[in-house]
Structure formats: structure tokens, C-alpha cells
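A.B. asks: Structure in C-alpha cells, see below.
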Amino acid sequence: MRRRRVVSRHRLSTSSVVCLLCFCPMLTASWRPASIFRGRYVLHQVPGPRQSLSNMQSASLSSLHDEHEVDCRLEHTIQEEIQRLNNNQQINLNSPKQVSTAIFGNVQSTSRQVLELAAQGKIASLSSTQQQLAALVQQYRDIVSAKKKQYGKLSMGSMHDLNSRQSASTDQARSFSTSALTESVDDAGSNDDTAFEFIDAPLPATPKFHRDLSPYEQQVNTLFDRLKTKLDPYWREPLLRLTRPTARNLVNQLDPLQCPMGFDPMASPASPMMFAGADLLNEDEETTANLVRTKTTTAGKKGSFLAYCREQKEKYPDVILLTRCGDFYETYGIDAILLVEHCGLNAMAGKAKAGCPIRNVQATLDCLTTQGFRVAVYEEACDTDASRGTAAAGGPKSRIKNRFLAQIVSAASPTYLYDLVLLGNNADLLGSSSPPPRPYVGVMSLDAGYTLVEISVEEQSVRVTERLTAEAVACRLAAYPPADPLMYVPSMAEYRSSSRLSLPFLPSKMDYVDSGPGARLRTHIIPPTLVEEASGRTNDLERAKDIILIALLRMTQADDMTNLDMQAASRDDFTLVNPASVGGSSAVTYTHSLHKETASQLGLMGDKAIPPLVSYLVPESAPAATRRFLRRYLLTPPPPVVAEAMRDLVSHLKTTGSSMPPLCVPPIGKVLSLLRASQASAEIYRELIDTLQSTEAVLDSLMKETEQPQVIESLMTLIEYESGMAASPISVKTRCRDASDAIANVVYASIPSNLDTNSEESMRISRDDAVPSAFFERNESPWKGRVRYDTMPKSYEAVRAAATGLADAIRLDFEPDSNSVLQDIFNNLLLLRDIPKMADDKSKYIHPRDRFGKTIRNRYTTDRVQDAVSSYVDACERAKQEVSAVLIKLSLALHEDGHMPAIVQASHANLLISAAFHHAANANHLGWNIAKMYENSSDDKAARFVGLWPYWMDRVEGVSNTFDLDGMWILTAPNMSGKSTILRSTAAASLLVSCGLCAPVSAGSSVRRFDHIFVRGASSDVPTENKSAFGAEMEDIASLLRSCGDRSLVFVDELARGTSPRDGTVLAAAVLEEMAGQGMSGIFATHLHELLDLPLQNADRIQKKRMEMQTEHDDHSTRYKWTFHLVNGVCLDSLALETAQRFGVPKAVLDRAKSFRTQLAGTLAPVTNVASLRSGGDDASKIVRGVNSQQDVYEIVSMTVQANLTMIPSSWVPPASLEGTSCVYIMSLCETGSEARKYYVGETDSLRQRIEQHRAKGDSWSNAETIAIPVSEGKTEARALESLLIRTLAKAGVDLVSIADGRSARHQNRIH
């Protein structure tokens, strides 16, 4: 198929895009604003099928007419828009003088670079209108230039015909078809030259609070804002995030005009920044040349090491380069600064140059890939004669290294797969300290929610999760940051919309302080037109896999990413891991993925203030891989059938007396990558043997179990769920045995710690008294003990014979004793310090030469010994190469013979069994138990917890609670009494039970299956997303109400404490009422006690609970004891002062607070009276329902407030002492000729003015009498008292005209 292209119009302002779409309706079919670049829209034009813009000259004249008409209409529309912006004055766009005057107000350059800076707002003093003018002028020039290139080769007659057609065209012009962008997935995956087109749209980050840039930020921006800069914009953000002073100081030495690395060979630590205060706009060629002119004639010359690094950096400008130079890997410029920042390395000689030794290359790569960077590693090959080829430029006598790109290591493939076959120690490679690979992630926006596609490059697996909310996607991206880039398929409506794409699940990328994972995440937009229509051939999961996977494969090929896992990979090589493939009824309830706030509150997101849940599931000795698995397992709860399988396996391990073989949990992704690259060492093969044999032993043990035969089926369900491959006990066991035998026939299953005489012949290091043992150790240990003797007997024998010959030569010529023979470890030689005194022929002793050909004049050897050493070293080298060839052949054999699925399933089996075993053992140690899960029914409660205690506490120390959870609870309690603890404990136990794991409960507990679990706790401001604590809280509540329903468990702790008590109370009441109305179950903890007085709907589904507190009195004080027990009822005293005393608040402050409380009690109703009113006590019995006399109202107010009330008769003015004081007032309104009275309750800071305003209304207001209550604590307390009086009077049946909530309360009171 022919390659199809997308033509783009770049950097349009919002008004320009709207203008173009409004004035050119036909553009809606052929142009779409699909991305934003540096704050400007990019319009993408899609040609019709089999139509290439590069071959437009050969197209039909009719087709050219359509495109010509589009360009002409664009020109005309842009000209009209420019005239409108220029105060309706025409501009000759071909005149630089007129253009410059219109934009800048004077005559200056209007080159492309200047106009781009102006359009981006980077030129000071330009208004938004002038910026739009600059963007439109450049757009006009682009169109004119494109037309000249397109139609420049047409004959005059053809051009005249084309213009004639244009003038006679109608509004029904044929538009370009969008089908050029729509190719079936099968076509895209074929082996032809079809181009997979998608749009790269790095979305702008969430705007931050406006602030002045620091000097360092200005310095970094200067490097990238120059017109002639060679630095890739990708590096701006990493440089702004630097925190180490040594790294920041190196930024001064960067020269953006030298090369893409910014390295200046002549810069020094004391050099000032070259471009401070430079003119970014009027930069001519001569000035640029002077700035980049190097003061030396040798640094960076053609053929040098620096020149090679610069040349490679131009090929990969957004990749860090590590280039081999002898025993080090070296970097320059920006790359070196990042090594100093993230790897803890030191700069060389104080310059922007750094390096790492070859033995630490993987650790260095881990530091960089953890931060999301890609790293290109260059290796050395054989020396190249400089007199031939391109190396001749280095001089006739020079010899340079021939280097090549070995691999581009990334967060998705962090293992450096080069020269690892004979690696003796894989501790760094397979150890727990090595970061796990990140998946490539694609997100699809569909009508049913978001579909998340996670691609593991190393494991070559694809996991698809459907029907996610934006918050669940955000949680997954935060918990497991994806590799760069993130792929996004918008909905068709979103894609066709003129507004920018909205990706609510993306974190902020503008926080320069928090360099958390995912900070450098870029986004690639894939058109939804590429998604294959639903058919009987493929299901939704397969289509999601195909669209994201093919996009990734084509992207890696197009970007020339040297990724050994992706080079020869195809779509069929990736296994779809589908949670639904394990079976299960569609009628059961599936638990959706956790939202980010829920995961944070349960300790799954690394918040140090919250106990990490996973740390209590397994002991500290458990492998790190089990913790990573359990965290992912909880963040994405499994289907019910998988949870039941895990429950059966854990229960069996928790109670069985059978022993367990040693379980090996290798990093499966890295192992598979090494096998595919044929770089697996003997040590890795030995780990695979242990893994395969452990799986076989466990299966054999479980298959012999007669009491619980379902356990083996449960394990198969778990293996199938994790690996994506069908599993049966007999098949898995047989294939594991076959794979283990295939490896054991080549590689030793184990190796002794010392390769001595007790070892097998092929593993034994040569020994002879005449030769230093260290010499044999050095030459044989790198390859001996790896493969069996029968795989290469000739090589083993050749080494043995050469070692014997060497010993004989030493005895003949050196006459050795214990100290006479010396080993030169640098040159791998055996030498003498002096000629033996007893030697018969001293002329045979010569001076040896080192590895560089220089004579070693203080040492001696003979030709015979020299030849014997050479023969032995050559034999060892040949044996070493043959060992490497045998191991490489083994990797190929495992692929060709079909053993890879067995290795994958055995690795997953070991991980699952290890996680379940360690969890069961730790549960027995902590006293945790398995609880029952059941499906929802109308009569079932949400949960029953027997003896629940906090998961982070010991069972003896923690307080247990037993309760049935159904409907919504209002939980009130004093501070520090355990409200948040009971919420978090209940939520964590529910999640653990739903996943089939043990929980901190006693036997007899049960939990109903739920579709969502939502936990909302206390929060703080989120400055990077421009959110206050209350704003973030409301965003989470909106998500809760949007995603949860009658099968959901919700836990909300102290909602709306970030706003005023009055607004917080009414908002919390409305949220609680809505949750109860939707049928949710859960706990709503609050200190907003006024909420209890509001007439909530669905009150039958709301229960009142409190945390029990005991009080002890003596003659001098009252002591409170927190019991942490959950009981029925309400608690109206938060005991804030007592809690403050417990935590060391000074006594003087507490005494002053108590005095304020006493004063407040004189103004507002005491707690006892208010509580009586709420509960219907003795004081409340004095209130007569339906009273309406002024005296009754006065008594109610007096009883409620218990303060001195000031009566203000009609036409009287209030006392002067109340002026300027916050007051609550009650006005008595009586119509003329009527005895019925109404009352108005309000609050003000200017009582006299407010009463005058009311009386000016006339009628019943003019002669109203007023009761005034001063509130010395201020307006907030006055509003609180106003609200309390409205509710109290309304309950008593007083006819109020104050506000809507007062009428609602009165109406509700009358109904009951």
C-alpha cells in the first residue's frame, strides 16, 4: 500500500482556528485541530485515499482544483482576520515594512524566527492582538510557500485552467476524505510498507500560580530561547528540576550554539554564563559565529571522540549518550549534568563532563531510567586503521576506536543486554535493588469509560482493563508510572472537537520541585478512526490491544529506537493477559480499580503518614517481587473467580502441614529479555532450573492432596490469570520438567562456592605447584563451571593439556620455588625477577614485552615459557568463546523447542505461590483470618465484622470492634477517639476480603461483593494543580457521587472542614443524603454536629454511631478515657482542648482558650441545652409546638442563648454600645388588623443601619419590634448563632420569613 500522509498547519491561535472553521465549513471534513504545540493549535489535513501530497504533480487537475480552492479560501480568510485585528486597515502581507509596523509599531525583522517568538508571547510589550497578527502572518506565508512548491511545475495553461475552475467553483466543493487515516488493524499489522500515522501532541500542563522566575530558571530558559540554539526542548524541564548545587553550577558552562549537548570544551568552572543578557531576536550570522568559535584548534575536531559524540547526539537529541572509552563510559554537556544530578557522579575537572566505570554501567542506567530517561549506550569494537576511510581525517599516524550503538535503554527495557553471557555475578542484574520495567500504556476513551492497555516489552504481554473512570486511570499511572510516551485514543466526538483534548488522568508536569516518576511523560494522540469496527472476528479487548500495540511497534521503528526486545517483535509475539479469560459468571459483582485517593488512604501509594498496607501482608523476609505483586493485586482487584481461587490457596497454605520447596522468584521480564537476546548467563539458567523444579515439586505435592482437590484448580486459575496462557496441572508439570531437563543437560544445576579438587573435572580449576594458582584462577574462572564437560570436551582437554605444558616449561626454565615465579596481572604473564643463579644457559633469558609491545626491562622469561603461556591463554580464550556459543545456542533451543511458555508459567507460579505462602504465614503470626464473600441480595447486609482491629496494630494492642455495616453511618466522636482508624480499618479489611486475602478480623466475618470502594480522608492543598484542600476534596466527592452506587462501600472522613462551618454543614448534609439515596453503604465521620439537626431524606438508611468515651470525676477535675469502642448514639463534644493538652500545647494558651469558651458560652447556647433541644430533653419540653406570641419567642430565644437580650421597640434606635459589634436580631412582623405574627432572623455588623433598611420596606416592617443579641466573637459566630436560632424557632413552629432553610425546617416539622 502507498504511504499516506497528514499535512499540518502549525501554531494557530484559538481565534484563528475558530475563524477558519467558521468561514470554511468544508474544512471540518478535511482539517481537524488535533493537537497543541507551545500553546498554539496544529491543524492536520488528511488527504483522500491513495493520494500523496508529495506526488501532487501527477494528480488530476480536478483534484488539484479542490486543494487549490482550500488554500485560496484559507488565504482570503486569514487576510480578512488580519484586517479585522489591524483596526480594519488593509496590510500588504508581501511588504515586510507594513507587516513589521502593524505588529511591532516600528520597522524591524519579520523573519520566521521572530514571528514565532512573537506569536508565542516571548517578545516583551506585545499585546495579545499583536501576537495573533504575528501568528496569522506566518500562517499566510506558509500557505503561499506551499502553493508555490505544489503548483510551481505546472504549465501556464494548466495554471490558468486551474484558476478558472477556482473562480467558477460552487460551495459544494469536494472535500478531502478522512478515510486515508482509517486503516484496518489487519492492514496495519501486515508486512507491507503501510505507514501507521498518528499525531504527536504534547499537551500543555496544568497552569501554575503566576510567580516571578528565579535567576536559575531565567538562566535555563535563556539556553532554549535563543534563535540559533541547538539544544532539544526536551531538556528544558530536566534542567529546571535540578536540585544538586554541583549540577546547577555546571549549567553555567553550557553553550547552546556549540552542539546538541551544549558542551563547550573551553568552559571552566569560573566562567560566567556566555549568553547572559544576550539579544535573542537580533542575532545575525556573524554574531552567532563569533559566539560559537572555539578558542582551540583541536577540541572537537573531526575524527575525535568529542566529534563522534556530537554526531551521535544529533541523531538522538532527546536521549542521554553513554559512550565507551576504555574502561569508562563518558558523557558531555547536558548528559553529564544529569549523571551528576541523578547518579551521584562527580564532574571531571569541574567541567560538564562525567563518566562511570564499566562495572557500574547497569547501576548508572538504573538511576537514569528510573527518572524516565532513555539512554543510548555506545560500545567499542576493533581498532580501525586511521589511514583508511573516514578515520583518515584524524592524521596519518592516528588510530581511533570503531564504535557502534549497542542499545537504547529505557524505562520499559531497563536491562542493558550486552556481553552478559559469561557474566559471573548477576546480583545487580536480578537483585531486588534493580527497578522493575515500566509498561508502555495506552488509554482509550470510550462510551463505557476508559480502557487501559498496558504493554510489557520485556515480558511481551498486554494487559487490558476496561470501564475505568478517569480517577482509576490516574491511580494506575501514579502507582505504576508508564514509559514515555503515553498513547491516547480520544473519542470520536472529542477528536472532532475544536477544543483541546482533555486528559484528566494526567498528573501535573510543571512542578519543578517534585521530580516524581512520570514527570517527563509525553503524549501521543492516535486518531480513533484507526480503531477497527466491532466484528465477529475480534472482541473489544483484542481491538484495544491491536490499536495500541501496533502504534507502539510502528513508533519504535519510526524513531529508530534500538530496543532489542522490539527489533524483531510483531503483534503475534505479544500475549493478551485478559482478566475475563479466566471465566466466571457475568451476574457476579466485579470490584473496579481503586481511585487514587482511596489507594492513598489505604497506604498503597507510598504516603509516609499512612501505614503501608502491603508491609503487613507479608513478612520482611519475603521477596520484593511478592510485595510488588500484592500492591498491583490490590490496586486492581481481581475478578470474583480469581479472588475465590486466591482464597482457597491461602486458606490451604494457612492450615496445611505440608512443607514447601524453596521458591525462586526471578524477575521474569529481565529473564525473558536475556533469553530473547541470547545473553542469558549460566547463573540465570540455574535460577530457571530452580524455578521450574520448584513449580514441578509444588504441583506434584498438591496433586497428591486428597482432602482439598480444588486447591490445584485454584492455582491453575491464578496462573492463567497472571500469564494469559491456558493452564492444566498435568500439562504445566510436564512442560516444566522438559524445560528443566533441556537446561540441565547443558548447564550445571548448581555450582560449589570453590572450584577445587572436590568438584567435577569440568568445573575444577587447574592446579600445579609450579604455577601460581591465581594465574589459573584468572584465566579459567570466567568460563569454567558454566556448561557441562560433554558439551565441549575438546576444549576442556585442550586447556588441561596447555596447563600441563605450561607447568612443565616453568619447571625446566624457571627452577621455581615459592617466590621466584611472578604473575603480571596487567599483562597476564608469568615472569622472573632475576635470572636463576643455577641456570646453565643464561643467554636464553630475555626481557618480555607488555600488551602495548613495550619491553619490560626489570623482568625475565624464556621463549619456551613465553610460548607455553601463549598456548595456555589461547586455549582458555577458545574455551571461553565456546562456552559463550553453547549458552547462546541454548537460548535459541529454548525458543525453537517451545519451552518459553513453561518458563513464563513457572515464573508466575513461583511468584503466586510465594506471595500466598508468605501471606498465609504472616497472617498466622498476626492472627488474621479468612472472611467469607457473598453476592449482593436485597436482605443481606453490606458486611459483618467480628473482632475487627487496625491492620497496622498488634492484635493484643489494638481494640477490636464487632458490628454489622449496612446503609450509611454518621459517626461522631471526640478528637483522637478512633474515627479515622475505624474508617481505614473497615475499608482495608473489605478490600482484603474482596481479593481473597486474610484480614485483621476474627472467624465469622463476611463481606458482600461490592463494585467500588471509595475512601476520602483529610487532604491538603495541591499547588501544582492549582487546587486548595477544599477544591481537591470536592473533586473527589464529585468522583464518588459519579461512580458509586447501591453496590458500593464509601468512607468519608471529616468532609468540608476546609470551608466555613455553616457552608460545610449544609454541603456535608447534602452529600450524605445523596449517598444514602443512591443506596451506598459506609461510614461518614464528622465534627459538624449541626448536621444532626437537619431534616435529611432517606433517614431510614442513616444510622448514628459514636466512639465510646468514659468520664472520671474527682473533686478538682474531670478525666476522659478513650475506649476506641464503636457504640450507638451521637457525641457532641469534640474535646479539642483536652486533646491539645495531651499533645503539649502550653498551659497559658489552654487557659486563654477556656476563658474564650466561657465568654462564648454566655453568648451562644450551652452545650447541655443545645443537646437537650436536639434530643428532646427537659428543656425542649418547654417549647410549645405552634406558638406564635412574641413572649413565647422571647422565652425560646432566652432559653437557647442564655444571654442578655436587648429589646428595641418600634421606631426606637438600637443602643450605641451595639454599633460596630456583630449582632443577631429577630424582628417581629405583624400586619395591620391581624394578630398573627411572623419573624425574621438575621445577622449584621451594623445593627442601626440594618434596622433602618428593614423599616424602610413599609407595611409590617415599619413598626416591627426587634430583639438584639450581641456576638463579641465576630461575624462567623454570629452566622452560626443565626442558623441555630432559625432551626430552633422553626422546630417550635414559629412562622419564619428569614431564609429558605428555615422554611424547609418548619415545613418538615409540620409534616412530622
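In the C-alpha cells, chains take the letters A, B, ... in the order shown, each chain's residues start at 1, and ligands count up from 1 in the order shown.
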Range 880-1085 of chain A: which residues are strand (DSSP E) by DSSP, as a PyMOL selection string?

C.D. replies: chain A and resi 932-934+943-948+961-965+968-972+1006-1008+1012-1016+1048-1053+1081-1085

A.B. asks: Kindly save the residues from that selection, with C-alpha atoms included, as a PDB file, in the first residue's frame.

C.D. replies:
```pdb
ATOM      1  CA  LYS A 932     -16.469 -15.021  53.582  1.00  0.00           C
ATOM      2  CA  MET A 933     -17.523 -13.194  50.428  1.00  0.00           C
ATOM      3  CA  TYR A 934     -21.105 -13.334  49.170  1.00  0.00           C
ATOM      4  CA  ALA A 943     -20.719  -6.559  55.853  1.00  0.00           C
ATOM      5  CA  ARG A 944     -20.389  -8.199  59.231  1.00  0.00           C
ATOM      6  CA  PHE A 945     -17.094  -7.739  61.020  1.00  0.00           C
ATOM      7  CA  VAL A 946     -16.273  -9.853  64.053  1.00  0.00           C
ATOM      8  CA  GLY A 947     -13.373  -8.602  66.118  1.00  0.00           C
ATOM      9  CA  LEU A 948     -12.033  -6.083  63.591  1.00  0.00           C
ATOM     10  CA  ASN A 961     -14.899  -3.990  67.319  1.00  0.00           C
ATOM     11  CA  THR A 962     -17.752  -6.210  66.187  1.00  0.00           C
ATOM     12  CA  PHE A 963     -20.544  -4.660  64.120  1.00  0.00           C
ATOM     13  CA  ASP A 964     -22.859  -5.056  61.141  1.00  0.00           C
ATOM     14  CA  LEU A 965     -22.388  -2.464  58.425  1.00  0.00           C
ATOM     15  CA  MET A 968     -24.809   4.915  55.896  1.00  0.00           C
ATOM     16  CA  TRP A 969     -23.496   5.771  59.344  1.00  0.00           C
ATOM     17  CA  ILE A 970     -22.992   9.215  60.826  1.00  0.00           C
ATOM     18  CA  LEU A 971     -20.000   8.710  63.093  1.00  0.00           C
ATOM     19  CA  THR A 972     -19.339  11.379  65.741  1.00  0.00           C
ATOM     20  CA  SER A1006     -18.248 -11.724  55.948  1.00  0.00           C
ATOM     21  CA  VAL A1007     -18.336  -9.002  53.308  1.00  0.00           C
ATOM     22  CA  ARG A1008     -20.710  -8.519  50.405  1.00  0.00           C
ATOM     23  CA  HIS A1012     -16.475   0.245  44.173  1.00  0.00           C
ATOM     24  CA  ILE A1013     -14.673   1.029  47.379  1.00  0.00           C
ATOM     25  CA  PHE A1014     -14.068   4.716  47.995  1.00  0.00           C
ATOM     26  CA  VAL A1015     -12.179   6.259  50.893  1.00  0.00           C
ATOM     27  CA  ARG A1016     -11.970  10.037  51.291  1.00  0.00           C
ATOM     28  CA  SER A1048     -20.544   0.452  46.719  1.00  0.00           C
ATOM     29  CA  LEU A1049     -18.745   0.900  50.017  1.00  0.00           C
ATOM     30  CA  VAL A1050     -17.861   4.509  50.803  1.00  0.00           C
ATOM     31  CA  PHE A1051     -15.912   6.015  53.690  1.00  0.00           C
ATOM     32  CA  VAL A1052     -15.788   9.791  54.107  1.00  0.00           C
ATOM     33  CA  ASP A1053     -13.807  11.382  56.920  1.00  0.00           C
ATOM     34  CA  SER A1081     -23.187   1.695  52.432  1.00  0.00           C
ATOM     35  CA  GLY A1082     -20.383   3.084  54.524  1.00  0.00           C
ATOM     36  CA  ILE A1083     -19.292   5.481  57.250  1.00  0.00           C
ATOM     37  CA  PHE A1084     -19.500   9.272  57.282  1.00  0.00           C
ATOM     38  CA  ALA A1085     -17.368  10.693  60.119  1.00  0.00           C
TER      39      ALA A1085
END
```

A.B. asks: Write out as JSON, numbers by chain each polymer residue whose atoms come within 8 Å of range 736-741 of chain A, counting only C-alpha atoms; drop sequence neighbours fewer than 2 positions from it.

C.D. replies: {"A": [688, 689, 692, 693, 695, 696, 732, 733, 734, 743, 744, 745, 894, 899, 902, 903, 906]}

A.B. asks: Nearest residue to Pro729 in chain A out of A:Gln362, A:Ser990, A:Ser870, A:Gln905, using only C-alpha atoms?

C.D. replies: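 For Pro729 in chain A, the nearest of the given residues is A:Gln905.
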
A.B. asks: Report as a PyMOL selection string all protein, DNA and RNA residues lying within 10 Å of Glu644 in chain A, evaluated on only C-alpha atoms, omitting residues in the same chain fewer than 3 positions from it.

C.D. replies: chain A and resi 638-641+647-650+714+717-718+932-933+993-997

A.B. asks: Excluding range 608-621 of chain A and its own-chain neighbours fewer than 2 positions away, which residues fall within 8 Å of it when counting only C-alpha atoms? Please give them as a PyMOL selection string.

C.D. replies: chain A and resi 600-604+606+623+627+630-631+915+918-919+921-923+951-952+988

A.B. asks: For range 820-831 of chain A, list every protein, DNA or RNA residue within 10 Å, evaluated using only C-alpha atoms, and leave out those in the same chain fewer than 5 positions away; present the list as an MDAnalysis selection string.

C.D. replies: chainID A and resid 770:775 778:779 806 810 814:815 836 847:852 858:862 865:866 869:870 873

A.B. asks: Filtering to C-alpha atoms, could you give me those residues as a PDB file, in the first residue's frame?

C.D. replies:
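Once everything was written out, this is part_30.pdb:
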```pdb
ATOM      1  CA  ALA A 770      54.933 -24.792  39.637  1.00  0.00           C
ATOM      2  CA  VAL A 771      52.347 -22.228  38.564  1.00  0.00           C
ATOM      3  CA  PRO A 772      50.736 -19.592  40.841  1.00  0.00           C
ATOM      4  CA  SER A 773      47.141 -20.627  41.496  1.00  0.00           C
ATOM      5  CA  ALA A 774      45.977 -17.062  40.911  1.00  0.00           C
ATOM      6  CA  PHE A 775      47.171 -17.325  37.292  1.00  0.00           C
ATOM      7  CA  ARG A 778      42.250 -15.612  36.411  1.00  0.00           C
ATOM      8  CA  ASN A 779      42.207 -17.432  33.096  1.00  0.00           C
ATOM      9  CA  LEU A 806      52.932 -24.585  30.960  1.00  0.00           C
ATOM     10  CA  ILE A 810      58.129 -23.439  34.189  1.00  0.00           C
ATOM     11  CA  PHE A 814      62.418 -21.113  35.895  1.00  0.00           C
ATOM     12  CA  GLU A 815      63.510 -23.663  38.506  1.00  0.00           C
ATOM     13  CA  PRO A 836      68.280 -18.041  38.155  1.00  0.00           C
ATOM     14  CA  HIS A 847      63.024  -9.361  28.623  1.00  0.00           C
ATOM     15  CA  PRO A 848      59.278  -9.816  27.900  1.00  0.00           C
ATOM     16  CA  ARG A 849      57.014  -7.300  26.219  1.00  0.00           C
ATOM     17  CA  ASP A 850      53.792  -5.904  27.695  1.00  0.00           C
ATOM     18  CA  ARG A 851      50.387  -5.743  25.971  1.00  0.00           C
ATOM     19  CA  PHE A 852      51.416  -2.498  24.227  1.00  0.00           C
ATOM     20  CA  ASN A 858      63.199  -5.459  35.028  1.00  0.00           C
ATOM     21  CA  ARG A 859      61.643  -8.880  34.347  1.00  0.00           C
ATOM     22  CA  TYR A 860      62.778 -12.053  32.578  1.00  0.00           C
ATOM     23  CA  THR A 861      61.292 -15.008  30.723  1.00  0.00           C
ATOM     24  CA  THR A 862      62.257 -17.568  28.057  1.00  0.00           C
ATOM     25  CA  VAL A 865      57.782 -20.276  28.814  1.00  0.00           C
ATOM     26  CA  GLN A 866      56.515 -17.462  26.655  1.00  0.00           C
ATOM     27  CA  VAL A 869      51.872 -19.104  28.371  1.00  0.00           C
ATOM     28  CA  SER A 870      50.609 -18.009  24.974  1.00  0.00           C
ATOM     29  CA  VAL A 873      45.967 -18.300  27.284  1.00  0.00           C
TER      30      VAL A 873
END
```

A.B. asks: Name all residues at most 12 Å from Asp484 in chain A (count only C-alpha atoms; drop same-chain ones fewer than 3 positions away) and give them as a PyMOL selection string.

C.D. replies: chain A and resi 202+318-319+369-374+410-413+438-442+477+481+487+517-524+552+555-556

A.B. asks: Can you work out the spacing between CA of Gln253 in chain A and CA of Asn360 in chain A in Å, to one decimal?

C.D. replies: 26.7 Å

A.B. asks: Please measure the separation of CA of Glu314 in chain A and CA of Pro260 in chain A, giving the value in Å to one decimal.

C.D. replies: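 Computed distance, CA of Glu314 in chain A to CA of Pro260 in chain A, equals 6.2 Å.
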
A.B. asks: Here is a test: counting only C-alpha atoms, which residue of A:Tyr416, A:Glu1243, A:Gly449, A:Asn975 is nearest to Gln1141 in chain A?

C.D. replies: A:Asn975
